[in-house]
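Printed here is data_31.cif (mmCIF, C-alpha atoms):
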data_input
loop_
_atom_site.group_PDB
_atom_site.id
_atom_site.type_symbol
_atom_site.label_atom_id
_atom_site.label_comp_id
_atom_site.auth_asym_id
_atom_site.auth_seq_id
_atom_site.Cartn_x
_atom_site.Cartn_y
_atom_site.Cartn_z
ATOM 1 C CA MET A 1 3.108 71.082 -172.485
ATOM 2 C CA ASN A 2 5.232 68.642 -174.508
ATOM 3 C CA TRP A 3 3.738 65.197 -174.971
ATOM 4 C CA ILE A 4 4.044 62.311 -177.396
ATOM 5 C CA ASN A 5 1.167 60.163 -178.604
ATOM 6 C CA HIS A 6 2.374 56.559 -178.881
ATOM 7 C CA LEU A 7 0.309 53.698 -180.231
ATOM 8 C CA ASP A 8 -0.921 52.314 -176.904
ATOM 9 C CA TYR A 9 0.176 54.977 -174.409
ATOM 10 C CA LEU A 10 1.064 58.638 -174.201
ATOM 11 C CA GLU A 11 4.102 60.298 -172.702
ATOM 12 C CA ILE A 12 4.123 63.704 -171.007
ATOM 13 C CA GLU A 13 7.338 65.594 -170.355
ATOM 14 C CA PRO A 14 6.944 67.401 -167.021
ATOM 15 C CA PRO A 15 8.999 70.498 -166.138
ATOM 16 C CA LYS A 16 12.468 70.079 -164.676
ATOM 17 C CA GLU A 17 11.046 71.090 -161.259
ATOM 18 C CA PHE A 18 8.804 68.033 -160.928
ATOM 19 C CA ASN A 19 9.343 65.345 -158.319
ATOM 20 C CA PHE A 20 7.327 62.163 -158.860
ATOM 21 C CA THR A 21 8.064 60.882 -155.356
ATOM 22 C CA GLU A 22 6.855 64.076 -153.672
ATOM 23 C CA CYS A 23 3.692 64.301 -155.768
ATOM 24 C CA TRP A 24 2.887 60.631 -155.189
ATOM 25 C CA THR A 25 3.524 61.127 -151.443
ATOM 26 C CA PHE A 26 0.861 63.813 -151.363
ATOM 27 C CA LEU A 27 -1.579 61.576 -153.235
ATOM 28 C CA LYS A 28 -0.947 58.731 -150.748
ATOM 29 C CA ARG A 29 -1.705 60.836 -147.658
ATOM 30 C CA SER A 30 -4.981 59.025 -146.907
ATOM 31 C CA ASN A 31 -5.760 55.331 -147.236
ATOM 32 C CA GLN A 32 -9.443 56.286 -147.531
ATOM 33 C CA GLU A 33 -8.982 58.093 -150.853
ATOM 34 C CA ILE A 34 -11.419 56.692 -153.398
ATOM 35 C CA LEU A 35 -10.764 58.801 -156.519
ATOM 36 C CA HIS A 36 -7.293 57.467 -157.265
ATOM 37 C CA HIS A 37 -5.217 54.476 -156.250
ATOM 38 C CA ILE A 38 -1.456 53.955 -155.983
ATOM 39 C CA GLU A 39 0.165 50.523 -156.200
ATOM 40 C CA VAL A 40 3.881 50.708 -155.428
ATOM 41 C CA ASP A 41 4.805 53.688 -157.653
ATOM 42 C CA VAL A 42 1.987 53.360 -160.179
ATOM 43 C CA LEU A 43 -0.964 55.756 -160.028
ATOM 44 C CA PHE A 44 -4.393 54.692 -161.287
ATOM 45 C CA LYS A 45 -6.974 57.370 -162.089
ATOM 46 C CA LEU A 46 -10.384 57.025 -163.737
ATOM 47 C CA LEU A 47 -11.258 59.947 -166.013
ATOM 48 C CA LYS A 48 -14.409 60.856 -167.899
ATOM 49 C CA VAL A 49 -14.057 62.274 -171.407
ATOM 50 C CA ASN A 50 -17.059 62.824 -173.701
ATOM 51 C CA ASP A 51 -19.205 60.614 -171.439
ATOM 52 C CA GLN A 52 -16.695 57.771 -171.781
ATOM 53 C CA LEU A 53 -14.723 56.411 -168.821
ATOM 54 C CA PHE A 54 -10.991 55.766 -169.263
ATOM 55 C CA LEU A 55 -8.760 54.156 -166.675
ATOM 56 C CA CYS A 56 -5.288 55.720 -166.699
ATOM 57 C CA ARG A 57 -2.188 53.932 -165.430
ATOM 58 C CA ILE A 58 0.410 56.623 -164.693
ATOM 59 C CA SER A 59 4.058 55.909 -163.965
ATOM 60 C CA GLU A 60 7.505 57.465 -164.247
ATOM 61 C CA GLN A 61 9.758 56.461 -167.103
ATOM 62 C CA ALA A 62 13.072 58.337 -167.450
ATOM 63 C CA HIS A 63 11.507 61.422 -165.811
ATOM 64 C CA LYS A 64 8.607 61.259 -168.251
ATOM 65 C CA MET A 65 5.001 60.672 -167.210
ATOM 66 C CA LYS A 66 3.903 57.498 -168.973
ATOM 67 C CA VAL A 67 0.113 57.188 -169.265
ATOM 68 C CA GLU A 68 -1.233 53.785 -170.281
ATOM 69 C CA PHE A 69 -4.828 52.689 -170.784
ATOM 70 C CA PRO A 70 -5.302 49.157 -169.444
ATOM 71 C CA MET A 71 -8.961 48.999 -170.504
ATOM 72 C CA ASP A 72 -10.304 51.092 -173.398
ATOM 73 C CA GLN A 73 -8.039 53.125 -175.676
ATOM 74 C CA PRO A 74 -9.058 56.786 -176.037
ATOM 75 C CA SER A 75 -9.133 58.503 -179.419
ATOM 76 C CA ALA A 76 -6.637 61.216 -180.381
ATOM 77 C CA ASN A 77 -9.034 63.973 -179.242
ATOM 78 C CA GLU A 78 -9.798 62.142 -176.019
ATOM 79 C CA ARG A 79 -6.069 61.789 -175.347
ATOM 80 C CA GLU A 80 -5.695 65.555 -175.684
ATOM 81 C CA SER A 81 -8.397 66.021 -173.039
ATOM 82 C CA ILE A 82 -6.625 63.545 -170.757
ATOM 83 C CA VAL A 83 -3.329 65.420 -171.156
ATOM 84 C CA GLN A 84 -5.124 68.678 -170.319
ATOM 85 C CA TYR A 85 -6.616 67.134 -167.170
ATOM 86 C CA LEU A 86 -3.252 65.785 -166.005
ATOM 87 C CA THR A 87 -1.586 69.121 -166.780
ATOM 88 C CA GLU A 88 -4.091 70.868 -164.513
ATOM 89 C CA TRP A 89 -4.064 68.137 -161.861
ATOM 90 C CA PHE A 90 -0.288 68.382 -161.448
ATOM 91 C CA ASP A 91 -0.059 72.108 -162.258
ATOM 92 C CA LEU A 92 2.558 71.390 -164.900
ATOM 93 C CA GLU A 93 2.439 74.815 -166.558
ATOM 94 C CA THR A 94 3.554 76.820 -163.519
ATOM 95 C CA ASP A 95 7.190 77.924 -163.502
ATOM 96 C CA LEU A 96 8.320 76.832 -160.044
ATOM 97 C CA ALA A 97 11.760 78.368 -160.549
ATOM 98 C CA CYS A 98 10.177 81.766 -159.792
ATOM 99 C CA PHE A 99 8.613 80.417 -156.591
ATOM 100 C CA TYR A 100 11.901 78.886 -155.460
ATOM 101 C CA LYS A 101 13.757 82.120 -156.136
ATOM 102 C CA MET A 102 11.373 83.956 -153.815
ATOM 103 C CA ALA A 103 11.366 81.148 -151.223
ATOM 104 C CA ASN A 104 15.162 81.072 -151.009
ATOM 105 C CA LYS A 105 15.011 84.537 -149.438
ATOM 106 C CA ASP A 106 12.293 83.561 -146.934
ATOM 107 C CA ASN A 107 13.220 81.993 -143.588
ATOM 108 C CA ILE A 108 10.001 79.966 -143.358
ATOM 109 C CA LEU A 109 9.809 78.670 -146.920
ATOM 110 C CA GLN A 110 13.483 78.099 -147.714
ATOM 111 C CA PRO A 111 13.896 74.839 -145.758
ATOM 112 C CA LEU A 112 10.555 73.567 -147.083
ATOM 113 C CA THR A 113 11.304 74.190 -150.748
ATOM 114 C CA GLU A 114 14.697 72.580 -150.309
ATOM 115 C CA LYS A 115 13.181 69.526 -148.642
ATOM 116 C CA TYR A 116 10.175 69.104 -150.962
ATOM 117 C CA SER A 117 11.694 70.398 -154.174
ATOM 118 C CA GLY A 118 9.625 69.434 -157.191
ATOM 119 C CA LEU A 119 6.339 69.145 -155.290
ATOM 120 C CA ARG A 120 3.542 70.581 -157.404
ATOM 121 C CA LEU A 121 0.310 72.053 -156.086
ATOM 122 C CA ILE A 122 -1.854 69.002 -156.775
ATOM 123 C CA GLY A 123 -5.208 70.348 -157.845
ATOM 124 C CA ILE A 124 -8.822 69.301 -158.272
ATOM 125 C CA PRO A 125 -9.588 70.219 -161.901
ATOM 126 C CA ASP A 126 -13.323 69.491 -161.613
ATOM 127 C CA LEU A 127 -15.086 72.526 -160.094
ATOM 128 C CA PHE A 128 -17.994 70.536 -158.654
ATOM 129 C CA GLU A 129 -15.638 68.074 -156.969
ATOM 130 C CA ALA A 130 -13.547 70.933 -155.558
ATOM 131 C CA LEU A 131 -16.590 72.741 -154.147
ATOM 132 C CA VAL A 132 -18.136 69.605 -152.641
ATOM 133 C CA TRP A 133 -14.831 68.479 -151.106
ATOM 134 C CA ALA A 134 -14.289 71.919 -149.574
ATOM 135 C CA ILE A 135 -17.809 71.976 -148.129
ATOM 136 C CA ILE A 136 -17.462 68.435 -146.788
ATOM 137 C CA GLY A 137 -14.281 69.496 -144.980
ATOM 138 C CA GLN A 138 -15.806 72.469 -143.207
ATOM 139 C CA GLN A 139 -15.463 72.166 -139.403
ATOM 140 C CA ILE A 140 -14.664 68.432 -139.289
ATOM 141 C CA ASN A 141 -11.414 66.485 -139.108
ATOM 142 C CA LEU A 142 -9.785 65.175 -142.268
ATOM 143 C CA THR A 143 -10.436 61.510 -141.467
ATOM 144 C CA PHE A 144 -14.204 61.989 -141.239
ATOM 145 C CA ALA A 145 -14.129 64.209 -144.335
ATOM 146 C CA TYR A 146 -12.617 61.332 -146.313
ATOM 147 C CA THR A 147 -15.250 58.982 -144.901
ATOM 148 C CA LEU A 148 -18.039 61.272 -146.101
ATOM 149 C CA LYS A 149 -16.445 61.681 -149.526
ATOM 150 C CA LYS A 150 -16.127 57.912 -149.896
ATOM 151 C CA ARG A 151 -19.808 57.422 -149.055
ATOM 152 C CA PHE A 152 -20.815 60.229 -151.426
ATOM 153 C CA VAL A 153 -18.815 58.812 -154.338
ATOM 154 C CA GLU A 154 -19.898 55.194 -153.776
ATOM 155 C CA HIS A 155 -23.573 56.181 -153.576
ATOM 156 C CA PHE A 156 -23.747 58.610 -156.487
ATOM 157 C CA GLY A 157 -20.628 58.146 -158.632
ATOM 158 C CA LYS A 158 -19.773 55.658 -161.379
ATOM 159 C CA SER A 159 -17.051 53.018 -161.388
ATOM 160 C CA VAL A 160 -15.262 50.449 -163.506
ATOM 161 C CA VAL A 161 -13.704 47.192 -162.335
ATOM 162 C CA PHE A 162 -10.192 46.256 -163.399
ATOM 163 C CA GLU A 163 -8.323 43.264 -161.990
ATOM 164 C CA ARG A 164 -11.037 42.867 -159.323
ATOM 165 C CA LYS A 165 -10.596 46.429 -158.047
ATOM 166 C CA SER A 166 -13.167 49.221 -158.417
ATOM 167 C CA PHE A 167 -12.094 52.636 -159.707
ATOM 168 C CA TRP A 168 -14.469 55.528 -159.140
ATOM 169 C CA ILE A 169 -15.307 58.862 -160.688
ATOM 170 C CA PHE A 170 -16.886 61.792 -158.850
ATOM 171 C CA PRO A 171 -20.662 62.266 -159.198
ATOM 172 C CA THR A 172 -21.894 64.823 -161.719
ATOM 173 C CA PRO A 173 -23.805 67.982 -160.732
ATOM 174 C CA GLU A 174 -26.756 66.666 -162.749
ATOM 175 C CA LYS A 175 -26.896 63.518 -160.608
ATOM 176 C CA ILE A 176 -26.776 65.428 -157.309
ATOM 177 C CA ALA A 177 -29.213 68.115 -158.489
ATOM 178 C CA ALA A 178 -31.843 65.377 -158.735
ATOM 179 C CA ILE A 179 -31.490 64.016 -155.177
ATOM 180 C CA GLN A 180 -33.079 65.185 -151.927
ATOM 181 C CA VAL A 181 -31.490 66.494 -148.725
ATOM 182 C CA GLY A 182 -32.544 63.297 -146.985
ATOM 183 C CA ASP A 183 -30.403 61.257 -149.379
ATOM 184 C CA LEU A 184 -27.302 62.973 -147.976
ATOM 185 C CA ARG A 185 -28.502 63.062 -144.392
ATOM 186 C CA ILE A 186 -28.572 59.240 -144.451
ATOM 187 C CA LEU A 187 -24.828 59.359 -145.200
ATOM 188 C CA GLN A 188 -24.274 61.573 -142.096
ATOM 189 C CA PHE A 189 -24.033 64.875 -143.939
ATOM 190 C CA THR A 190 -25.411 67.746 -141.884
ATOM 191 C CA GLN A 191 -28.635 69.441 -142.967
ATOM 192 C CA ARG A 192 -26.772 72.601 -143.993
ATOM 193 C CA LYS A 193 -24.020 70.846 -145.945
ATOM 194 C CA SER A 194 -26.640 68.746 -147.730
ATOM 195 C CA GLU A 195 -28.521 71.876 -148.748
ATOM 196 C CA TYR A 196 -25.354 73.672 -149.871
ATOM 197 C CA ILE A 197 -24.170 70.774 -152.014
ATOM 198 C CA ILE A 198 -27.529 70.234 -153.724
ATOM 199 C CA ASP A 199 -27.965 73.974 -154.374
ATOM 200 C CA ILE A 200 -24.500 74.164 -155.949
ATOM 201 C CA ALA A 201 -25.256 71.064 -158.031
ATOM 202 C CA LYS A 202 -28.398 72.751 -159.365
ATOM 203 C CA SER A 203 -26.500 75.944 -160.209
ATOM 204 C CA MET A 204 -23.884 73.958 -162.093
ATOM 205 C CA ALA A 205 -26.400 71.683 -163.801
ATOM 206 C CA ASN A 206 -28.257 74.673 -165.248
ATOM 207 C CA GLY A 207 -25.074 76.454 -166.291
ATOM 208 C CA GLN A 208 -25.253 79.369 -163.835
ATOM 209 C CA LEU A 209 -21.971 78.339 -162.206
ATOM 210 C CA THR A 210 -19.080 77.053 -164.302
ATOM 211 C CA LYS A 211 -15.311 77.139 -164.250
ATOM 212 C CA GLU A 212 -15.338 79.094 -167.512
ATOM 213 C CA LEU A 213 -17.620 81.806 -166.078
ATOM 214 C CA LEU A 214 -15.393 82.176 -163.024
ATOM 215 C CA ARG A 215 -12.350 82.574 -165.249
ATOM 216 C CA LEU A 216 -14.061 85.485 -167.012
ATOM 217 C CA LYS A 217 -13.841 87.510 -163.799
ATOM 218 C CA LYS A 218 -11.255 90.264 -163.953
ATOM 219 C CA ASP A 219 -9.020 89.072 -161.132
ATOM 220 C CA TYR A 220 -8.584 86.836 -158.099
ATOM 221 C CA GLU A 221 -10.541 89.120 -155.753
ATOM 222 C CA ASP A 222 -13.457 89.259 -158.184
ATOM 223 C CA MET A 223 -13.520 85.455 -158.455
ATOM 224 C CA LYS A 224 -13.411 85.150 -154.680
ATOM 225 C CA LYS A 225 -16.356 87.550 -154.240
ATOM 226 C CA SER A 226 -18.321 85.650 -156.860
ATOM 227 C CA LEU A 227 -17.795 82.356 -155.024
ATOM 228 C CA MET A 228 -18.573 83.876 -151.624
ATOM 229 C CA ALA A 229 -21.923 85.074 -152.947
ATOM 230 C CA ILE A 230 -22.940 81.389 -153.070
ATOM 231 C CA ARG A 231 -24.672 80.016 -149.975
ATOM 232 C CA GLY A 232 -22.305 77.826 -147.970
ATOM 233 C CA ILE A 233 -19.103 79.308 -149.374
ATOM 234 C CA GLY A 234 -17.107 81.504 -147.008
ATOM 235 C CA ALA A 235 -13.640 82.979 -147.383
ATOM 236 C CA TRP A 236 -11.785 79.733 -146.568
ATOM 237 C CA THR A 237 -13.848 77.633 -148.990
ATOM 238 C CA ALA A 238 -13.502 80.216 -151.763
ATOM 239 C CA ASP A 239 -9.737 80.437 -151.347
ATOM 240 C CA TYR A 240 -9.393 76.657 -151.205
ATOM 241 C CA VAL A 241 -11.351 76.238 -154.454
ATOM 242 C CA LEU A 242 -9.473 79.055 -156.194
ATOM 243 C CA MET A 243 -6.200 77.499 -155.088
ATOM 244 C CA LYS A 244 -6.993 73.885 -155.971
ATOM 245 C CA CYS A 245 -9.287 74.221 -158.983
ATOM 246 C CA LEU A 246 -8.648 77.595 -160.631
ATOM 247 C CA GLN A 247 -4.877 77.472 -159.991
ATOM 248 C CA GLU A 248 -4.902 80.977 -158.535
ATOM 249 C CA ARG A 249 -1.490 81.488 -156.946
ATOM 250 C CA TYR A 250 -2.775 84.509 -154.966
ATOM 251 C CA ALA A 251 -5.315 82.340 -153.117
ATOM 252 C CA PHE A 252 -4.485 82.335 -149.416
ATOM 253 C CA PRO A 253 -6.740 80.455 -146.966
ATOM 254 C CA ILE A 254 -5.279 82.441 -144.094
ATOM 255 C CA ALA A 255 -7.740 81.099 -141.486
ATOM 256 C CA ASP A 256 -6.848 77.463 -142.261
ATOM 257 C CA VAL A 257 -6.132 75.394 -139.151
ATOM 258 C CA GLY A 258 -3.544 73.276 -140.945
ATOM 259 C CA LEU A 259 -1.685 76.393 -142.057
ATOM 260 C CA HIS A 260 -1.655 77.645 -138.453
ATOM 261 C CA ASN A 261 -0.393 74.313 -137.139
ATOM 262 C CA ALA A 262 2.331 74.153 -139.778
ATOM 263 C CA LEU A 263 3.557 77.662 -138.968
ATOM 264 C CA LYS A 264 3.505 76.875 -135.258
ATOM 265 C CA MET A 265 5.632 73.789 -135.905
ATOM 266 C CA GLN A 266 8.045 75.428 -138.360
ATOM 267 C CA LEU A 267 8.634 78.429 -136.101
ATOM 268 C CA ALA A 268 8.678 76.371 -132.866
ATOM 269 C CA LEU A 269 5.982 78.581 -131.343
ATOM 270 C CA GLU A 270 4.214 77.780 -128.074
ATOM 271 C CA ARG A 271 0.866 78.813 -129.552
ATOM 272 C CA LYS A 272 -0.675 79.142 -133.002
ATOM 273 C CA PRO A 273 0.131 82.443 -134.742
ATOM 274 C CA THR A 274 -2.535 85.123 -135.026
ATOM 275 C CA ILE A 275 -3.941 86.283 -138.367
ATOM 276 C CA GLU A 276 -1.958 89.502 -137.957
ATOM 277 C CA GLU A 277 1.256 87.536 -137.412
ATOM 278 C CA ILE A 278 0.569 85.319 -140.432
ATOM 279 C CA THR A 279 -0.062 88.408 -142.562
ATOM 280 C CA CYS A 280 3.359 89.654 -141.481
ATOM 281 C CA TYR A 281 5.073 86.329 -142.221
ATOM 282 C CA ALA A 282 3.440 86.253 -145.660
ATOM 283 C CA LYS A 283 4.362 89.752 -146.779
ATOM 284 C CA HIS A 284 7.088 88.341 -149.055
ATOM 285 C CA TRP A 285 4.854 85.611 -150.512
ATOM 286 C CA GLN A 286 2.910 87.931 -152.824
ATOM 287 C CA GLY A 287 1.772 86.042 -155.907
ATOM 288 C CA TRP A 288 2.785 82.689 -154.407
ATOM 289 C CA GLN A 289 0.511 82.445 -151.344
ATOM 290 C CA ALA A 290 -1.129 79.242 -152.606
ATOM 291 C CA TYR A 291 2.197 77.473 -153.077
ATOM 292 C CA ALA A 292 3.505 78.704 -149.724
ATOM 293 C CA THR A 293 0.373 77.287 -148.074
ATOM 294 C CA PHE A 294 0.680 73.979 -149.918
ATOM 295 C CA TYR A 295 4.315 73.498 -148.898
ATOM 296 C CA LEU A 296 3.437 74.312 -145.295
ATOM 297 C CA TRP A 297 0.630 71.739 -145.415
ATOM 298 C CA ARG A 298 3.147 69.210 -146.748
ATOM 299 C CA SER A 299 5.249 69.671 -143.597
ATOM 300 C CA LEU A 300 2.354 68.345 -141.488
ATOM 301 C CA TYR A 301 2.618 64.764 -142.749
ATOM 302 C CA GLU A 302 6.313 64.083 -142.363
ATOM 303 C CA THR A 303 5.632 60.498 -141.309
ATOM 304 C CA VAL A 304 3.889 59.626 -144.596
#

Represent the structure of the file as structure tokens.
Amino acid sequence: MNWINHLDYLEIEPPKEFNFTECWTFLKRSNQEILHHIEVDVLFKLLKVNDQLFLCRISEQAHKMKVEFPMDQPSANERESIVQYLTEWFDLETDLACFYKMANKDNILQPLTEKYSGLRLIGIPDLFEALVWAIIGQQINLTFAYTLKKRFVEHFGKSVVFERKSFWIFPTPEKIAAIQVGDLRILQFTQRKSEYIIDIAKSMANGQLTKELLRLKKDYEDMKKSLMAIRGIGAWTADYVLMKCLQERYAFPIADVGLHNALKMQLALERKPTIEEITCYAKHWQGWQAYATFYLWRSLYETV
């Protein structure tokens, strides 16, 4: 990834197939989001590097990603870590030209890739955040999921204040490993979800579960099995985490309700498609199932 380290900001050159407007539209899909903030076309994101918190002000400048630091200036090494995070967050290293070539021959994906060209699969680089968010979202609507996440972050995360606005960072596994189930139940988490989240926090805090260990698995299926061996993680949760955190393009949350609704809408069906029908639709998506899913999800919030 090409980037330039200026005196008081850094500049990242995204791939040609990168659309700031589309990526920002995805990030603005909920007004309850607490982990980033967009003012007009400027994105604010608080990042933690080497136990230091850095507020990033991200904007477009001549199709470059300009990253300023309105509070503390990170060191050269810390800037490298910030670039790596942003590269993962916006999936900047994936060659979308290959995806578009495949999609152009697919009746379902072709109109979507034309309409949302340059949309990247916006990820969740932090494994603990990805797992907790996926568990929070199990069997509840998206609005309540955001409410629970906001409570979770405000109770257990850290923040900085800039221009009278608070910017938050997701709680660490170590912090959550030390709490009790009752601490989450007060926030309206279910008993089971509270147990799952604390158990995962303990596994991550003691080093049994890490992103690096998952990446040592031989392939996507092996990573999925490893995640599904964890209490509270089923096929959908595993695929979601592999898709959003591990950047596995094969990940395909085929039972996802949003995916079903998007296919129903795109194909003008009277009912949601069956798993067998979706498998048939997706036979040409091999190696790009995650991106196909993400573009179909995008079609659900046309009014944003």

I'd like the contact shell of Glu270 in chain A - 12 Å cut-off, all atoms listed in the file, skipping same-chain residues fewer than 5 positions apart - returned as a CSV table (one decimal) with C-alpha atoms, in the frame of the given file.
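The file below, around_4.csv, is the result:
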chain,number,residue,atom,x,y,z
A,260,HIS,CA,-1.7,77.6,-138.5
A,261,ASN,CA,-0.4,74.3,-137.1
A,263,LEU,CA,3.6,77.7,-139.0
A,264,LYS,CA,3.5,76.9,-135.3
A,265,MET,CA,5.6,73.8,-135.9

* Report as a list in words the residues that result from applying the PyMOL selection byres ((chain A and resi 288) around 9) to the structure here. =>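 Output from the PyMOL selection byres ((chain A and resi 288) around 9), applied to this file: Phe99, Met102, Glu248, Arg249, Tyr250, Ala251, Phe252, His284, Trp285, Gln286, Gly287, Gln289, Ala290, Tyr291, Ala292 and Thr293 of chain A.
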
* If we count all atoms listed in the file, what is near Lys193 in chain A at a cut-off of 10 Å, once residues fewer than 6 positions away on the same chain are taken out, given as a list of chain:residue names? -> A:Val132, A:Ile135, A:Ile136, A:Gly137, A:Gln138, A:Val181, A:Leu184, A:Arg185, A:Asp199, A:Gly232

* Near Gln208 in chain A, counting only C-alpha atoms, which residues have an atom at most 12 Å away, once you skip same-chain residues fewer than 4 positions from it, shown as a list in words? -> Pro173, Asp199, Ile200, Ala201, Lys202, Ser203, Met204, Glu212, Leu213, Leu214, Ser226, Leu227 and Ile230 of chain A

* Structure fact -> Separating CA of Leu121 in chain A from CA of Lys244 in chain A, to the nearest tenth of an Å, is a gap of 7.5 Å

* **Residues within 10 Å of (4.4, 60.0, -167.5), file coords, only C-alpha atoms, listed as a list in words** => Trp3, Tyr9, Leu10, Glu11, Ile12, Glu13, Pro14, Phe20, Arg57, Ile58, Ser59, Glu60, Gln61, Ala62, His63, Lys64, Met65, Lys66, Val67, Glu68 and Leu86 of chain A
